[in-house]
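Asker: This is the content of query_10.pdb (PDB, C-alpha atoms, pLDDT in the B column):
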```
ATOM      1  CA  MET A   1     -32.862   5.661  16.358  1.00 53.00           C
ATOM      2  CA  SER A   2     -29.744   7.773  16.041  1.00 57.00           C
ATOM      3  CA  GLU A   3     -29.138  10.223  13.218  1.00 59.00           C
ATOM      4  CA  PRO A   4     -26.674   9.161  10.516  1.00 59.00           C
ATOM      5  CA  ARG A   5     -23.173  10.505  10.942  1.00 63.00           C
ATOM      6  CA  PRO A   6     -22.245  13.278   8.508  1.00 64.00           C
ATOM      7  CA  ARG A   7     -20.127  12.320   5.523  1.00 80.00           C
ATOM      8  CA  ILE A   8     -16.533  13.404   6.017  1.00 87.00           C
ATOM      9  CA  THR A   9     -14.563  14.242   2.900  1.00 92.00           C
ATOM     10  CA  ARG A  10     -10.989  15.261   2.261  1.00 94.00           C
ATOM     11  CA  VAL A  11     -10.291  18.661   0.746  1.00 96.00           C
ATOM     12  CA  ARG A  12      -6.941  19.469  -0.867  1.00 97.00           C
ATOM     13  CA  ILE A  13      -5.568  22.882   0.077  1.00 98.00           C
ATOM     14  CA  ARG A  14      -2.705  24.749  -1.588  1.00 98.00           C
ATOM     15  CA  ILE A  15      -1.455  28.044  -0.201  1.00 98.00           C
ATOM     16  CA  GLU A  16       0.722  30.014  -2.618  1.00 98.00           C
ATOM     17  CA  GLY A  17       2.749  32.816  -1.082  1.00 98.00           C
ATOM     18  CA  SER A  18       4.559  35.412  -3.176  1.00 97.00           C
ATOM     19  CA  ASP A  19       6.462  38.636  -2.480  1.00 94.00           C
ATOM     20  CA  LEU A  20       8.333  37.354   0.552  1.00 93.00           C
ATOM     21  CA  PRO A  21       9.761  40.153   2.716  1.00 88.00           C
ATOM     22  CA  GLY A  22      13.426  39.273   2.147  1.00 79.00           C
ATOM     23  CA  ARG A  23      13.048  39.614  -1.660  1.00 64.00           C
ATOM     24  CA  ARG A  24      12.217  43.305  -1.986  1.00 61.00           C
ATOM     25  CA  PRO A  25      14.586  45.200  -4.308  1.00 58.00           C
ATOM     26  CA  GLY A  26      17.054  47.444  -2.521  1.00 56.00           C
ATOM     27  CA  ALA A  27      16.148  46.174   0.926  1.00 54.00           C
ATOM     28  CA  GLU A  28      19.693  45.416   2.083  1.00 51.00           C
ATOM     29  CA  ALA A  29      18.738  45.952   5.720  1.00 48.00           C
ATOM     30  CA  ASP A  30      16.072  43.269   5.276  1.00 55.00           C
ATOM     31  CA  VAL A  31      18.724  40.763   4.236  1.00 53.00           C
ATOM     32  CA  LEU A  32      20.355  41.195   7.643  1.00 52.00           C
ATOM     33  CA  ARG A  33      17.106  41.540   9.599  1.00 63.00           C
ATOM     34  CA  LEU A  34      15.376  38.584   7.925  1.00 66.00           C
ATOM     35  CA  GLY A  35      18.416  36.416   7.190  1.00 71.00           C
ATOM     36  CA  HIS A  36      17.350  33.590   9.494  1.00 86.00           C
ATOM     37  CA  VAL A  37      13.589  34.103   9.300  1.00 90.00           C
ATOM     38  CA  HIS A  38      11.372  31.386   7.852  1.00 93.00           C
ATOM     39  CA  VAL A  39       7.639  30.950   7.343  1.00 96.00           C
ATOM     40  CA  GLY A  40       5.782  27.673   7.516  1.00 98.00           C
ATOM     41  CA  VAL A  41       2.317  26.268   7.907  1.00 98.00           C
ATOM     42  CA  GLN A  42       1.311  25.279  11.415  1.00 98.00           C
ATOM     43  CA  ARG A  43       0.167  21.692  12.013  1.00 98.00           C
ATOM     44  CA  LYS A  44      -1.144  21.456  15.567  1.00 97.00           C
ATOM     45  CA  ALA A  45       1.656  23.166  17.565  1.00 95.00           C
ATOM     46  CA  GLU A  46       4.440  22.420  15.063  1.00 96.00           C
ATOM     47  CA  VAL A  47       5.472  24.714  12.210  1.00 97.00           C
ATOM     48  CA  VAL A  48       6.359  22.570   9.190  1.00 96.00           C
ATOM     49  CA  ASP A  49       7.469  23.001   5.590  1.00 97.00           C
ATOM     50  CA  ARG A  50       9.393  26.149   6.481  1.00 96.00           C
ATOM     51  CA  VAL A  51      10.573  28.449   3.706  1.00 96.00           C
ATOM     52  CA  PRO A  52      13.240  31.189   4.067  1.00 93.00           C
ATOM     53  CA  ALA A  53      11.970  34.789   4.031  1.00 92.00           C
ATOM     54  CA  ASP A  54      14.115  35.490   0.961  1.00 88.00           C
ATOM     55  CA  ALA A  55      12.767  32.601  -1.145  1.00 92.00           C
ATOM     56  CA  PRO A  56      11.190  33.534  -4.489  1.00 93.00           C
ATOM     57  CA  ALA A  57       7.886  31.933  -3.422  1.00 96.00           C
ATOM     58  CA  ALA A  58       6.371  29.586  -0.860  1.00 98.00           C
ATOM     59  CA  VAL A  59       3.860  26.809  -1.532  1.00 98.00           C
ATOM     60  CA  TRP A  60       2.195  24.541   1.002  1.00 98.00           C
ATOM     61  CA  GLU A  61      -0.079  21.616   0.134  1.00 98.00           C
ATOM     62  CA  PHE A  62      -2.051  19.510   2.579  1.00 98.00           C
ATOM     63  CA  GLU A  63      -5.494  18.037   3.211  1.00 97.00           C
ATOM     64  CA  VAL A  64      -8.215  19.021   5.629  1.00 97.00           C
ATOM     65  CA  THR A  65     -11.457  17.229   6.318  1.00 95.00           C
ATOM     66  CA  SER A  66     -14.890  18.718   5.780  1.00 94.00           C
ATOM     67  CA  ARG A  67     -18.347  17.679   6.870  1.00 91.00           C
ATOM     68  CA  GLU A  68     -21.838  19.106   6.796  1.00 87.00           C
ATOM     69  CA  VAL A  69     -23.154  20.307  10.142  1.00 85.00           C
ATOM     70  CA  ASP A  70     -26.357  22.011  11.285  1.00 76.00           C
ATOM     71  CA  ASP A  71     -28.245  24.073   8.725  1.00 74.00           C
ATOM     72  CA  GLY A  72     -26.184  22.675   5.836  1.00 75.00           C
ATOM     73  CA  LEU A  73     -23.042  24.558   6.851  1.00 83.00           C
ATOM     74  CA  LEU A  74     -19.621  23.035   6.283  1.00 89.00           C
ATOM     75  CA  ASP A  75     -17.105  22.539   9.061  1.00 93.00           C
ATOM     76  CA  VAL A  76     -13.440  21.817   8.393  1.00 95.00           C
ATOM     77  CA  GLY A  77     -11.016  19.976  10.616  1.00 96.00           C
ATOM     78  CA  GLY A  78      -7.784  18.104  10.893  1.00 96.00           C
ATOM     79  CA  PRO A  79      -4.325  18.823  12.266  1.00 97.00           C
ATOM     80  CA  TRP A  80      -3.842  21.909  10.059  1.00 98.00           C
ATOM     81  CA  VAL A  81      -7.057  23.576  11.208  1.00 98.00           C
ATOM     82  CA  HIS A  82      -7.294  25.780  14.306  1.00 98.00           C
ATOM     83  CA  GLY A  83     -10.162  27.526  16.053  1.00 97.00           C
ATOM     84  CA  ARG A  84     -13.646  26.594  17.146  1.00 94.00           C
ATOM     85  CA  PRO A  85     -16.520  25.530  14.884  1.00 88.00           C
ATOM     86  CA  GLY A  86     -17.750  28.467  12.841  1.00 85.00           C
ATOM     87  CA  ALA A  87     -14.394  30.251  13.174  1.00 93.00           C
ATOM     88  CA  ARG A  88     -11.873  27.785  11.708  1.00 96.00           C
ATOM     89  CA  PHE A  89      -8.590  28.972  10.235  1.00 98.00           C
ATOM     90  CA  LEU A  90      -5.065  28.092   9.095  1.00 98.00           C
ATOM     91  CA  TYR A  91      -1.863  29.610  10.475  1.00 98.00           C
ATOM     92  CA  LEU A  92       1.194  30.676   8.514  1.00 98.00           C
ATOM     93  CA  SER A  93       3.818  31.129  11.218  1.00 98.00           C
ATOM     94  CA  TRP A  94       6.988  33.228  11.055  1.00 95.00           C
ATOM     95  CA  GLY A  95      10.028  32.454  13.160  1.00 92.00           C
ATOM     96  CA  ALA A  96      13.768  32.829  13.525  1.00 90.00           C
ATOM     97  CA  VAL A  97      15.703  29.664  12.757  1.00 90.00           C
ATOM     98  CA  ASP A  98      18.866  28.790  14.661  1.00 87.00           C
ATOM     99  CA  GLY A  99      19.999  25.273  13.827  1.00 87.00           C
ATOM    100  CA  ASP A 100      17.050  23.016  14.660  1.00 87.00           C
ATOM    101  CA  GLU A 101      15.316  25.675  16.766  1.00 90.00           C
ATOM    102  CA  PHE A 102      12.362  27.683  15.423  1.00 91.00           C
ATOM    103  CA  ALA A 103      11.404  30.699  17.550  1.00 92.00           C
ATOM    104  CA  MET A 104       7.988  31.857  16.361  1.00 94.00           C
ATOM    105  CA  PHE A 105       7.386  35.600  16.542  1.00 92.00           C
ATOM    106  CA  ARG A 106       4.418  36.287  14.257  1.00 94.00           C
ATOM    107  CA  ARG A 107       1.506  34.468  12.582  1.00 97.00           C
ATOM    108  CA  ALA A 108      -0.885  35.128   9.708  1.00 98.00           C
ATOM    109  CA  LYS A 109      -4.416  33.790  10.116  1.00 98.00           C
ATOM    110  CA  LEU A 110      -6.302  32.549   7.037  1.00 98.00           C
ATOM    111  CA  LEU A 111      -9.973  32.108   7.947  1.00 97.00           C
ATOM    112  CA  PHE A 112     -12.182  29.582   6.212  1.00 96.00           C
ATOM    113  CA  GLY A 113     -15.006  32.065   6.727  1.00 94.00           C
ATOM    114  CA  ASP A 114     -13.282  34.290   4.145  1.00 96.00           C
ATOM    115  CA  VAL A 115     -13.394  31.540   1.502  1.00 96.00           C
ATOM    116  CA  PRO A 116     -16.421  32.121  -0.742  1.00 94.00           C
ATOM    117  CA  GLY A 117     -19.078  29.593   0.319  1.00 91.00           C
ATOM    118  CA  ASP A 118     -19.613  28.240  -3.202  1.00 93.00           C
ATOM    119  CA  LEU A 119     -15.885  27.453  -3.528  1.00 94.00           C
ATOM    120  CA  LEU A 120     -15.708  25.700  -0.177  1.00 93.00           C
ATOM    121  CA  ARG A 121     -18.833  23.700  -1.005  1.00 92.00           C
ATOM    122  CA  ALA A 122     -17.430  22.748  -4.459  1.00 94.00           C
ATOM    123  CA  ALA A 123     -14.154  21.629  -2.850  1.00 94.00           C
ATOM    124  CA  HIS A 124     -16.163  19.527  -0.370  1.00 92.00           C
ATOM    125  CA  ALA A 125     -18.347  18.019  -3.107  1.00 91.00           C
ATOM    126  CA  GLY A 126     -15.781  16.974  -5.668  1.00 84.00           C
ATOM    127  CA  PRO A 127     -12.286  16.903  -7.044  1.00 89.00           C
ATOM    128  CA  GLY A 128     -10.102  19.939  -7.179  1.00 93.00           C
ATOM    129  CA  THR A 129      -7.790  21.892  -4.951  1.00 97.00           C
ATOM    130  CA  LEU A 130      -8.803  24.941  -2.952  1.00 97.00           C
ATOM    131  CA  VAL A 131      -6.047  27.477  -3.617  1.00 98.00           C
ATOM    132  CA  GLY A 132      -5.305  30.583  -1.560  1.00 98.00           C
ATOM    133  CA  ARG A 133      -2.905  33.152  -3.033  1.00 98.00           C
ATOM    134  CA  LEU A 134      -1.395  35.940  -0.988  1.00 98.00           C
ATOM    135  CA  GLY A 135       1.587  38.226  -0.752  1.00 97.00           C
ATOM    136  CA  LEU A 136       3.703  37.574   2.323  1.00 96.00           C
ATOM    137  CA  THR A 137       4.999  41.132   2.862  1.00 93.00           C
ATOM    138  CA  ASP A 138       2.930  43.617   4.846  1.00 91.00           C
ATOM    139  CA  ALA A 139       2.557  47.351   4.127  1.00 89.00           C
ATOM    140  CA  GLU A 140       5.643  48.165   6.240  1.00 86.00           C
ATOM    141  CA  GLY A 141       7.843  45.632   4.426  1.00 85.00           C
ATOM    142  CA  GLY A 142       7.785  43.016   7.172  1.00 87.00           C
ATOM    143  CA  PRO A 143       6.322  39.516   7.363  1.00 92.00           C
ATOM    144  CA  ARG A 144       2.544  39.551   6.834  1.00 96.00           C
ATOM    145  CA  CYS A 145       0.665  38.751  10.028  1.00 95.00           C
ATOM    146  CA  ALA A 146      -2.756  38.992  11.680  1.00 96.00           C
ATOM    147  CA  ARG A 147      -5.962  38.152   9.816  1.00 97.00           C
ATOM    148  CA  VAL A 148      -5.467  38.079   6.054  1.00 98.00           C
ATOM    149  CA  ARG A 149      -8.718  38.991   4.322  1.00 96.00           C
ATOM    150  CA  PRO A 150      -9.685  39.450   0.696  1.00 96.00           C
ATOM    151  CA  PRO A 151      -8.410  41.184  -1.374  1.00 96.00           C
ATOM    152  CA  GLU A 152      -5.049  40.442   0.333  1.00 97.00           C
ATOM    153  CA  ILE A 153      -5.829  36.776  -0.244  1.00 98.00           C
ATOM    154  CA  SER A 154      -7.733  35.321  -3.176  1.00 98.00           C
ATOM    155  CA  TRP A 155      -9.345  31.897  -3.227  1.00 98.00           C
ATOM    156  CA  THR A 156      -9.986  29.715  -6.267  1.00 97.00           C
ATOM    157  CA  LEU A 157     -10.812  26.075  -6.963  1.00 97.00           C
ATOM    158  CA  GLU A 158      -8.497  24.402  -9.455  1.00 95.00           C
TER     159      GLU A 158
END
```
Output the structure of this file as structure tokens.
Answerer:
Amino acid sequence: MSEPRPRITRVRIRIEGSDLPGRRPGAEADVLRLGHVHVGVQRKAEVVDRVPADAPAAVWEFEVTSREVDDGLLDVGGPWVHGRPGARFLYLSWGAVDGDEFAMFRRAKLLFGDVPGDLLRAAHAGPGTLVGRLGLTDAEGGPRCARVRPPEISWTLE
């Protein structure tokens, strides 16, 4: 007899980005340097819902799937999710826009392993949206990239 398949649920995700690098006061050089730069969320290989680097804020909303795996751990999946089991993450991708072309040059990685376990489990178990909030400017004034860990990102369930 085969084991029952794990229950797959949908989890709403909202990523709220603030402090975009083209919005810093007095950063006139950034207006020129970042004038055609956008940031978006990566779905498979495509960067979608792109927002200009000088926007007041950026918000992305989408769904991922979640399921219980060995030892009661949760695994997430879907077209927005990258990485192998146990090391899943989301990408926010930066690129220069020229007409319809998007030339990616940097990415920020938001790891599900950095989401407090009780929040991820609550999002899996019931209604609500898992919300990640982060500033999108790094310490040097450029687009935030690499792994974004707490406290640079905060997670809540709303």
Asker: With all atoms listed in the file counted, which protein, DNA or RNA residues have an atom no more than 9 Å from (-5.9, 33.0, 9.2) in the file frame? Please answer as a list in words.
Answerer: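 With a cut-off of 9 Å, the residues come to His82, Arg88, Phe89, Leu90, Tyr91, Leu92, Arg107, Ala108, Lys109, Leu110, Leu111, Phe112, Cys145, Ala146, Arg147, Val148 and Arg149 of chain A.
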Asker: Evaluated on this file, the PyMOL selection byres ((chain A and resi 119) around 12) picks out some residues - which ones are they, written as a list of chain:residue names?
Answerer: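 Taken on the displayed file, the PyMOL selection byres ((chain A and resi 119) around 12) yields the residues A:Val11, A:Ile13, A:Leu74, A:Phe112, A:Gly113, A:Asp114, A:Val115, A:Pro116, A:Gly117, A:Asp118, A:Leu120, A:Arg121, A:Ala122, A:Ala123, A:His124, A:Ala125, A:Gly126, A:Pro127, A:Gly128, A:Thr129, A:Leu130, A:Val131, A:Gly132, A:Ser154, A:Trp155, A:Thr156, A:Leu157, A:Glu158.
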Asker: For each of A:Glu140, A:Glu16, A:Asp70, A:Asp100, take the minimum atom-to-atom distance to Ala58 (chain A), counting only C-alpha atoms, then give the residue where this is smallest.
Answerer: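 Checking each candidate against Ala58 (chain A), we get A:Glu16 as the closest.
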Asker: When the PyMOL selection byres ((chain A and resi 54) around 7) is applied to the structure above, which residues does it catch, written out as number ranges by chain?
Answerer: A: 20-23, 52-53, 55-56
Asker: Of the candidates A:Pro151, A:Val51, A:Arg7, A:Gly141, which shows the shortest atom-to-atom distance to Glu68 (chain A), using all atoms listed in the file?
Answerer: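 Answer, going by the shortest atom-to-atom distance: A:Arg7.
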Asker: Which is closest to Trp60 (chain A) among A:Ala87, A:Ile15, A:Val81, A:Val39, if we use all atoms listed in the file?
Answerer: A:Ile15
Asker: Can you work out the spacing between CA of Val48 (chain A) and CA of Glu152 (chain A) in Å, to one decimal?
Answerer: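 Between CA of Val48 (chain A) and CA of Glu152 (chain A) the gap is 23.0 Å.
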Asker: Can you work out which one of A:Gly142, A:Gly78, A:Arg84, A:Val41 has the shortest atom-to-atom distance to Ser66 (chain A), counting only C-alpha atoms?
Answerer: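 Residue with the minimum atom-to-atom distance to Ser66 (chain A): A:Gly78.
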Asker: Would you mind telling me which residue in A:Val59, A:Met104, A:Gly86, A:Asp19 lies nearest to Asp138 (chain A) when using only C-alpha atoms?
Answerer: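 Closest to Asp138 (chain A), using only C-alpha atoms: A:Asp19.
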Asker: Which distance in Å separates CA of Val47 (chain A) and CA of Ser93 (chain A), to one decimal?
Answerer: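 Computing it gives 6.7 Å between the two atoms.
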Asker: Restricting the calculation to only C-alpha atoms, which member of A:Gly17, A:Pro143, A:Pro150, A:Gly99 is positioned closest to Glu61 (chain A)?
Answerer: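 The answer is A:Gly17, which sits nearest to Glu61 (chain A).
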Asker: Grab the CA of Val64 (chain A) to CA of Ile8 (chain A) distance for me, in Å with one decimal place.
Answerer: 10.0 Å
Asker: Which centre and edge lengths in Å to one decimal define the box along x, y and z that fits every listed atom of region 154-158 of chain A plus 6 Å per side, as lines of an AutoDock Vina configuration file?
Answerer:
```
center_x = -9.3
center_y = 29.9
center_z = -6.3
size_x = 15.1
size_y = 22.9
size_z = 18.3
```
Asker: Assuming the chain letters and numbering stay as they are in my file, what does the PyMOL selection byres ((chain A and resi 97) around 10) actually select? List them as a list of chain:residue names.
Answerer: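 Listing what the PyMOL selection byres ((chain A and resi 97) around 10) selects in the shown file: A:Gly35, A:His36, A:Val37, A:His38, A:Val39, A:Arg50, A:Pro52, A:Trp94, A:Gly95, A:Ala96, A:Asp98, A:Gly99, A:Asp100, A:Glu101, A:Phe102, A:Ala103, A:Met104.
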Asker: Atoms to include: C-alpha atoms. Write the selected residues as a PDB file, in the frame of the given file.
Answerer:
```pdb
ATOM      1  CA  GLY A  35      18.416  36.416   7.190  1.00 71.00           C
ATOM      2  CA  HIS A  36      17.350  33.590   9.494  1.00 86.00           C
ATOM      3  CA  VAL A  37      13.589  34.103   9.300  1.00 90.00           C
ATOM      4  CA  HIS A  38      11.372  31.386   7.852  1.00 93.00           C
ATOM      5  CA  VAL A  39       7.639  30.950   7.343  1.00 96.00           C
ATOM      6  CA  ARG A  50       9.393  26.149   6.481  1.00 96.00           C
ATOM      7  CA  PRO A  52      13.240  31.189   4.067  1.00 93.00           C
ATOM      8  CA  TRP A  94       6.988  33.228  11.055  1.00 95.00           C
ATOM      9  CA  GLY A  95      10.028  32.454  13.160  1.00 92.00           C
ATOM     10  CA  ALA A  96      13.768  32.829  13.525  1.00 90.00           C
ATOM     11  CA  ASP A  98      18.866  28.790  14.661  1.00 87.00           C
ATOM     12  CA  GLY A  99      19.999  25.273  13.827  1.00 87.00           C
ATOM     13  CA  ASP A 100      17.050  23.016  14.660  1.00 87.00           C
ATOM     14  CA  GLU A 101      15.316  25.675  16.766  1.00 90.00           C
ATOM     15  CA  PHE A 102      12.362  27.683  15.423  1.00 91.00           C
ATOM     16  CA  ALA A 103      11.404  30.699  17.550  1.00 92.00           C
ATOM     17  CA  MET A 104       7.988  31.857  16.361  1.00 94.00           C
TER      18      MET A 104
END
```
